[in-house]
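Asker: I'd like to ask you about the structure that follows.
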Amino acid sequence: MPENMKLTRELKEKIDSIVAKSETKQSALIPVLREIQNAEGYLTNESMEEAAKILGLTPANVQSVATFYTMFFRKEPGKHVVWLCRTLSCALKGAEQAEHHMCEKLGVHTGGTTSDGKITLMEAECLASCGTAPVMLVDDDLVENLTKEKIDRIIEELRKD
Amino acid sequence: MPKLTIDGKELEVEDGLNLIEAASRIGVDIPHFCYHPALSVVAQCRQCLVEVEGVPKVMPACNTYVREGLIVKTDSERAVEARKATVEFTLINHPLDCPICDKGGECPLQKTTVSHGPGYSRFEGPEEKKVRQKYYLSDKIIYDPNRCIMCTRCVRFTEEVTQTGELGYEGRGFRKKIVVFPGKNLDNELSGNVTDLCPVGALLNKDTLHEERVWYWKFTDTVCSLCSNGCNITVGVDPRKGKVARVRPRTNVDVNDYWICDRGRYEWTDIQDADKRLKDPIIRKGEGYEITDWEEAVSFSATRLLEESRKPLQSIAFITSAALTNEELYLFKKLGQTLGSSNIASSIGLINDKKTFGLLSSDPYPNSTGVKDLGYPYGSNMVFEVIESIMEGKVKSLYTAGIDIFDFVKKEDKPRLSEALSNLSLFVAQDVMLTETLRLAHVILPGASAYEKDGTFTNDRGRVQRVRKAITPPGTAKADWEILLQIGKEINETLFSYKDPGDVMNAIANEHPAYGDISYDNIGMLGVQRSGPA
């Protein structure tokens, strides 16, 4: 294989060790994409092509997987990512209003990133906290029993950061 | 050989068959979208649901295989209801735009909706269907995500059949689309087949987009003439326009499976370019040319050919190509022999087994094997030898059919060949388009393309297959066999007393043992193997 120019040596080594541990090359795809995203922040076309080359898959195949899973980013995400639950219990408890409120407050559509690059708003499937619906995930922290005031407060904090 | 019962009918089939294939043996048509015999089974469209006795749930017939004693019901209430529900579900996001959809009239989803659907939708009303932009997957194929039902046939085709993997998915669920990787195209040599595989109007051909309506077409089963593989095709002609609208593969597992290449599908269109075609016979008179009728052209050619053949020290050459049918090659050779020519040659492609995707041959001629079988002195040198003697002035008169002999000389030799051809005392040329060669002929006889005549080609594996006339040639142009036959009759009535190409094939069968058993009655739809080595 030609010397890999696009991925750093360190990342390449991590990928090789993942591939070595995997039963098939294809099964290494998701861990490899995660590793690339951790290092580069999101998945570019170039890095997906690199991953395809390393794993002996077609670029289209890698793209299919990368776009299927919502936690892979194809565009650079903001500094903070907010995952709002859109599944049944939260929907019944007003997740939709929460979403509208967030969109308005941030000035983005769901899936978008604020112009200052601070916050990306995403929707998530069930976050397993139906008892305290509606909920959202702010980076790695779960925020429960959302209200407009709570959302405003969190956004203020994230903006300051 | 397991025995099973489908809809009360007992049948015995070979092992490994799924229920869709098994049911088709007794004429039971189980609707399906994602299943295709040449692709892997994914059982995801759920349209082929049937009831299997002893199994609590309805089963997808594509992924249920025959077993001894299996009792299958495709027409029970549960099975029918299950399929109805699937149609309703599939249609939730499928636009009702059949009137403006190119697939309309031959759409499996449309047909299935009529024959297996509920006839109404509970989703009518204010509900909005998905609205996404169409985009091109290549310069030949457009994709409409709104119509796509995610059967994934096209993706599996690029993964499994061509193994080029250009197609993939983007997103999931409701938002899923078929895409090519950014900056790439669906550009393999078989790419056009995805438009046939698509069971809806999601993948369409750009060349006839919004131009054709399939229900006007008349279909002719014939054989592609663009290479020596001899793919079986069906040609759709709009009789109102008198033009070929679409060339499609016709399943023949011994030749081309379910596919044809993009060349066969898209790159034959110059024969329909009226400006390029020869439409009437032309005779050179003095310095100019004159359009004439067939009577004059034929009698002039025949009389002059006879005159030339009777000259002492005569030297008539006959050159043709492997683009002609067996019947035409036979008549051409016979004409040459009748006139005592010792220079009869035909160009021929290099036949080898290296084929792209198993069906694209590098030999551009459809009938190189036919040339060999019919006893033409072959070898790549033969045509060159004859041309060489023309350039040396040894040949006094010439008859060419379906060949531009300038293709066979080096650039620096072209003026020499031009001069030699101008000095011939007789030059009869027959072809479909005006070529450098034809410009120097005394008589130009307009022939017909392979879509415009009847006959047979022998493919590179020795399979004799029928070409059938799908459209009429432009103007008064005639099939090459007809021209040769008329000139032949003029020269010797009894030797050329054939009625039609079928008659000529009988003569070939009589003279060439390899074709001994072959007649138009037994060639059938899929062709027959002639005896002897391929």
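The way I read the labels, and the way they are meant: chains A, B, ... in the order of the structure tokens, residue 1 as the first residue of every chain, and ligand 1 as the first ligand shown, with later ones counted on from there.
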Got a sec to pull out which chain B residues are within 10 Å of chain A, counting only C-alpha atoms, and send them as a PyMOL selection string?
Answerer: chain B and resi 155+159+163-173+175-184
Asker: DSSP on the backbone: which residues in range 107-177 of chain B end up as alpha helix (DSSP H)? Give the answer as a PyMOL selection string.
Answerer: chain B and resi 108-116+153-156
Asker: Distance CA of Arg250 in chain B-CA of Ser40 in chain B, one decimal place?
Answerer: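 A separation of 20.4 Å between them.
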Asker: What's the 6 Å shell around range 293-310 of chain B, counting only C-alpha atoms, without same-chain residues fewer than 3 positions away, as a PyMOL selection string?
Answerer: chain B and resi 314+339+487+491
Asker: Would you mind exporting all heavy atoms of the selected residues as a PDB file, in the first residue's frame?
Answerer:
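File out_2.pdb, as written:
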ATOM      1  N   GLN B 314      -9.282 -11.600 -66.195  1.00  0.00           N
ATOM      2  CA  GLN B 314     -10.128 -10.880 -65.232  1.00  0.00           C
ATOM      3  C   GLN B 314      -9.572 -11.018 -63.834  1.00  0.00           C
ATOM      4  O   GLN B 314      -8.897 -11.971 -63.498  1.00  0.00           O
ATOM      5  CB  GLN B 314     -11.572 -11.404 -65.294  1.00  0.00           C
ATOM      6  CG  GLN B 314     -11.757 -12.835 -64.801  1.00  0.00           C
ATOM      7  CD  GLN B 314     -12.072 -12.931 -63.315  1.00  0.00           C
ATOM      8  OE1 GLN B 314     -12.172 -11.926 -62.648  1.00  0.00           O
ATOM      9  NE2 GLN B 314     -12.187 -14.151 -62.817  1.00  0.00           N
ATOM     10  N   LEU B 339     -18.774 -15.705 -60.176  1.00  0.00           N
ATOM     11  CA  LEU B 339     -18.090 -14.833 -61.119  1.00  0.00           C
ATOM     12  C   LEU B 339     -16.614 -15.197 -61.256  1.00  0.00           C
ATOM     13  O   LEU B 339     -15.833 -14.456 -61.846  1.00  0.00           O
ATOM     14  CB  LEU B 339     -18.244 -13.369 -60.699  1.00  0.00           C
ATOM     15  CG  LEU B 339     -19.680 -12.841 -60.765  1.00  0.00           C
ATOM     16  CD1 LEU B 339     -19.792 -11.491 -60.085  1.00  0.00           C
ATOM     17  CD2 LEU B 339     -20.167 -12.756 -62.206  1.00  0.00           C
ATOM     18  N   ILE B 487     -28.913  -9.184 -57.180  1.00  0.00           N
ATOM     19  CA  ILE B 487     -27.809  -9.165 -58.138  1.00  0.00           C
ATOM     20  C   ILE B 487     -27.501 -10.596 -58.584  1.00  0.00           C
ATOM     21  O   ILE B 487     -27.305 -10.869 -59.772  1.00  0.00           O
ATOM     22  CB  ILE B 487     -26.566  -8.481 -57.532  1.00  0.00           C
ATOM     23  CG1 ILE B 487     -26.858  -6.998 -57.308  1.00  0.00           C
ATOM     24  CG2 ILE B 487     -25.345  -8.663 -58.426  1.00  0.00           C
ATOM     25  CD1 ILE B 487     -25.767  -6.235 -56.614  1.00  0.00           C
ATOM     26  N   ILE B 491     -27.650 -12.488 -62.349  1.00  0.00           N
ATOM     27  CA  ILE B 491     -26.495 -13.160 -62.953  1.00  0.00           C
ATOM     28  C   ILE B 491     -26.799 -14.616 -63.259  1.00  0.00           C
ATOM     29  O   ILE B 491     -26.457 -15.134 -64.320  1.00  0.00           O
ATOM     30  CB  ILE B 491     -25.259 -13.026 -62.030  1.00  0.00           C
ATOM     31  CG1 ILE B 491     -24.744 -11.578 -62.087  1.00  0.00           C
ATOM     32  CG2 ILE B 491     -24.149 -13.999 -62.410  1.00  0.00           C
ATOM     33  CD1 ILE B 491     -23.747 -11.222 -61.022  1.00  0.00           C
TER      34      ILE B 491
END
Asker: Which residues are close to Lys276 in chain B, i.e. within 9 Å by only C-alpha atoms, leaving aside same-chain residues fewer than 2 positions away? Reply as number ranges by chain.
Answerer: B: 270-274, 278, 432-434
Asker: Go ahead and save the residues from that selection, with N, CA, C and O atoms, as a PDB file, in the first residue's frame.
Answerer:
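Now in out_1.pdb:
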ATOM      1  N   ASP B 270     -26.165   5.984 -33.988  1.00  0.00           N
ATOM      2  CA  ASP B 270     -25.846   6.667 -35.240  1.00  0.00           C
ATOM      3  C   ASP B 270     -26.541   6.033 -36.451  1.00  0.00           C
ATOM      4  O   ASP B 270     -26.748   6.700 -37.449  1.00  0.00           O
ATOM      5  N   ILE B 271     -26.960   4.767 -36.315  1.00  0.00           N
ATOM      6  CA  ILE B 271     -27.686   4.182 -37.446  1.00  0.00           C
ATOM      7  C   ILE B 271     -29.065   4.816 -37.599  1.00  0.00           C
ATOM      8  O   ILE B 271     -29.721   4.667 -38.625  1.00  0.00           O
ATOM      9  N   GLN B 272     -29.518   5.521 -36.577  1.00  0.00           N
ATOM     10  CA  GLN B 272     -30.813   6.190 -36.681  1.00  0.00           C
ATOM     11  C   GLN B 272     -30.677   7.649 -37.079  1.00  0.00           C
ATOM     12  O   GLN B 272     -31.661   8.368 -37.157  1.00  0.00           O
ATOM     13  N   ASP B 273     -29.442   8.079 -37.283  1.00  0.00           N
ATOM     14  CA  ASP B 273     -29.213   9.450 -37.690  1.00  0.00           C
ATOM     15  C   ASP B 273     -29.426   9.539 -39.202  1.00  0.00           C
ATOM     16  O   ASP B 273     -28.587   9.145 -40.000  1.00  0.00           O
ATOM     17  N   ALA B 274     -30.595  10.051 -39.586  1.00  0.00           N
ATOM     18  CA  ALA B 274     -30.989  10.040 -40.996  1.00  0.00           C
ATOM     19  C   ALA B 274     -29.952  10.718 -41.889  1.00  0.00           C
ATOM     20  O   ALA B 274     -29.758  10.334 -43.038  1.00  0.00           O
ATOM     21  N   LEU B 278     -27.306   6.150 -45.893  1.00  0.00           N
ATOM     22  CA  LEU B 278     -27.553   6.112 -47.334  1.00  0.00           C
ATOM     23  C   LEU B 278     -28.987   5.646 -47.531  1.00  0.00           C
ATOM     24  O   LEU B 278     -29.409   4.661 -46.933  1.00  0.00           O
ATOM     25  N   VAL B 432     -24.058   0.816 -45.058  1.00  0.00           N
ATOM     26  CA  VAL B 432     -25.181   1.573 -44.492  1.00  0.00           C
ATOM     27  C   VAL B 432     -24.907   3.070 -44.448  1.00  0.00           C
ATOM     28  O   VAL B 432     -25.809   3.883 -44.474  1.00  0.00           O
ATOM     29  N   MET B 433     -23.638   3.430 -44.328  1.00  0.00           N
ATOM     30  CA  MET B 433     -23.299   4.848 -44.267  1.00  0.00           C
ATOM     31  C   MET B 433     -22.237   5.169 -45.304  1.00  0.00           C
ATOM     32  O   MET B 433     -21.501   4.288 -45.743  1.00  0.00           O
ATOM     33  N   LEU B 434     -22.154   6.450 -45.648  1.00  0.00           N
ATOM     34  CA  LEU B 434     -21.162   6.867 -46.623  1.00  0.00           C
ATOM     35  C   LEU B 434     -19.776   6.822 -45.984  1.00  0.00           C
ATOM     36  O   LEU B 434     -19.531   7.435 -44.960  1.00  0.00           O
TER      37      LEU B 434
END
Asker: Got a sec: who's within 10 Å of His512 in chain B, counting only C-alpha atoms, leaving out chain neighbours fewer than 6 positions off, as a list in words?
Answerer: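 The contact residues come out as Asp373, Leu374, Gly375 and Asn506 of chain B.
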Asker: With distances taken over only C-alpha atoms, which residue among A:Ala124, A:Val143, A:Ile151, A:Leu55 lies nearest Met71 in chain A?
Answerer: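 Result for the nearest residue to Met71 in chain A: A:Ala124.
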Asker: Extract, using only C-alpha atoms, all DNA, RNA and protein residues at most 9 Å from Pro2 in chain B, discarding same-chain residues fewer than 3 positions from it, and format them as a list in words.
Answerer: Leu11, Glu12, Val13, Glu14, Asp15, Val66, Arg67, Glu68, Gly69 and Leu70 of chain B
Asker: Would you save the residues of that selection, restricted to N, CA and C atoms, as a short mmCIF file (atom, residue, chain, number, x, y, z; two decimals), in the first residue's frame?
Answerer:
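Output below, filename part10.cif:
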data_model
loop_
_atom_site.label_atom_id
_atom_site.label_comp_id
_atom_site.auth_asym_id
_atom_site.auth_seq_id
_atom_site.Cartn_x
_atom_site.Cartn_y
_atom_site.Cartn_z
N LEU B 11 -46.09 -30.27 -6.59
CA LEU B 11 -45.04 -30.22 -7.60
C LEU B 11 -43.73 -30.72 -7.01
N GLU B 12 -42.89 -31.20 -7.91
CA GLU B 12 -41.59 -31.69 -7.49
C GLU B 12 -40.54 -30.83 -8.16
N VAL B 13 -39.69 -30.22 -7.36
CA VAL B 13 -38.67 -29.32 -7.94
C VAL B 13 -37.31 -29.67 -7.35
N GLU B 14 -36.27 -29.12 -7.99
CA GLU B 14 -34.94 -29.40 -7.48
C GLU B 14 -34.68 -28.65 -6.19
N ASP B 15 -33.74 -29.16 -5.42
CA ASP B 15 -33.38 -28.58 -4.13
C ASP B 15 -32.80 -27.17 -4.31
N VAL B 66 -37.58 -24.48 -0.78
CA VAL B 66 -38.43 -25.67 -0.89
C VAL B 66 -37.92 -26.76 0.05
N ARG B 67 -38.87 -27.50 0.55
CA ARG B 67 -38.59 -28.57 1.50
C ARG B 67 -39.62 -29.67 1.25
N GLU B 68 -39.28 -30.89 1.58
CA GLU B 68 -40.22 -31.99 1.40
C GLU B 68 -41.47 -31.72 2.24
N GLY B 69 -42.62 -31.82 1.60
CA GLY B 69 -43.87 -31.73 2.32
C GLY B 69 -44.36 -30.34 2.67
N LEU B 70 -43.66 -29.35 2.21
CA LEU B 70 -44.04 -27.96 2.50
C LEU B 70 -45.41 -27.67 1.88
#
Asker: Find the residues around range 78-82 of chain B up to 8 Å (only C-alpha atoms counted), leave out those fewer than 5 positions away in its own chain, and share them as a list in words.
Answerer: Leu49, Val50, Glu51, Val58, Lys73 and His116 of chain B
Asker: Take CA of Gly264 in chain B and CA of Asn188 in chain B and report the distance between them in Å, one decimal.
Answerer: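 CA of Asn188 in chain B lies 13.5 Å from CA of Gly264 in chain B.
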Asker: What does the distance from CA of Ser341 in chain B to CA of Ile316 in chain B come to in Å, to one decimal?
Answerer: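 Spanning CA of Ser341 in chain B to CA of Ile316 in chain B is a straight-line distance of 5.4 Å.
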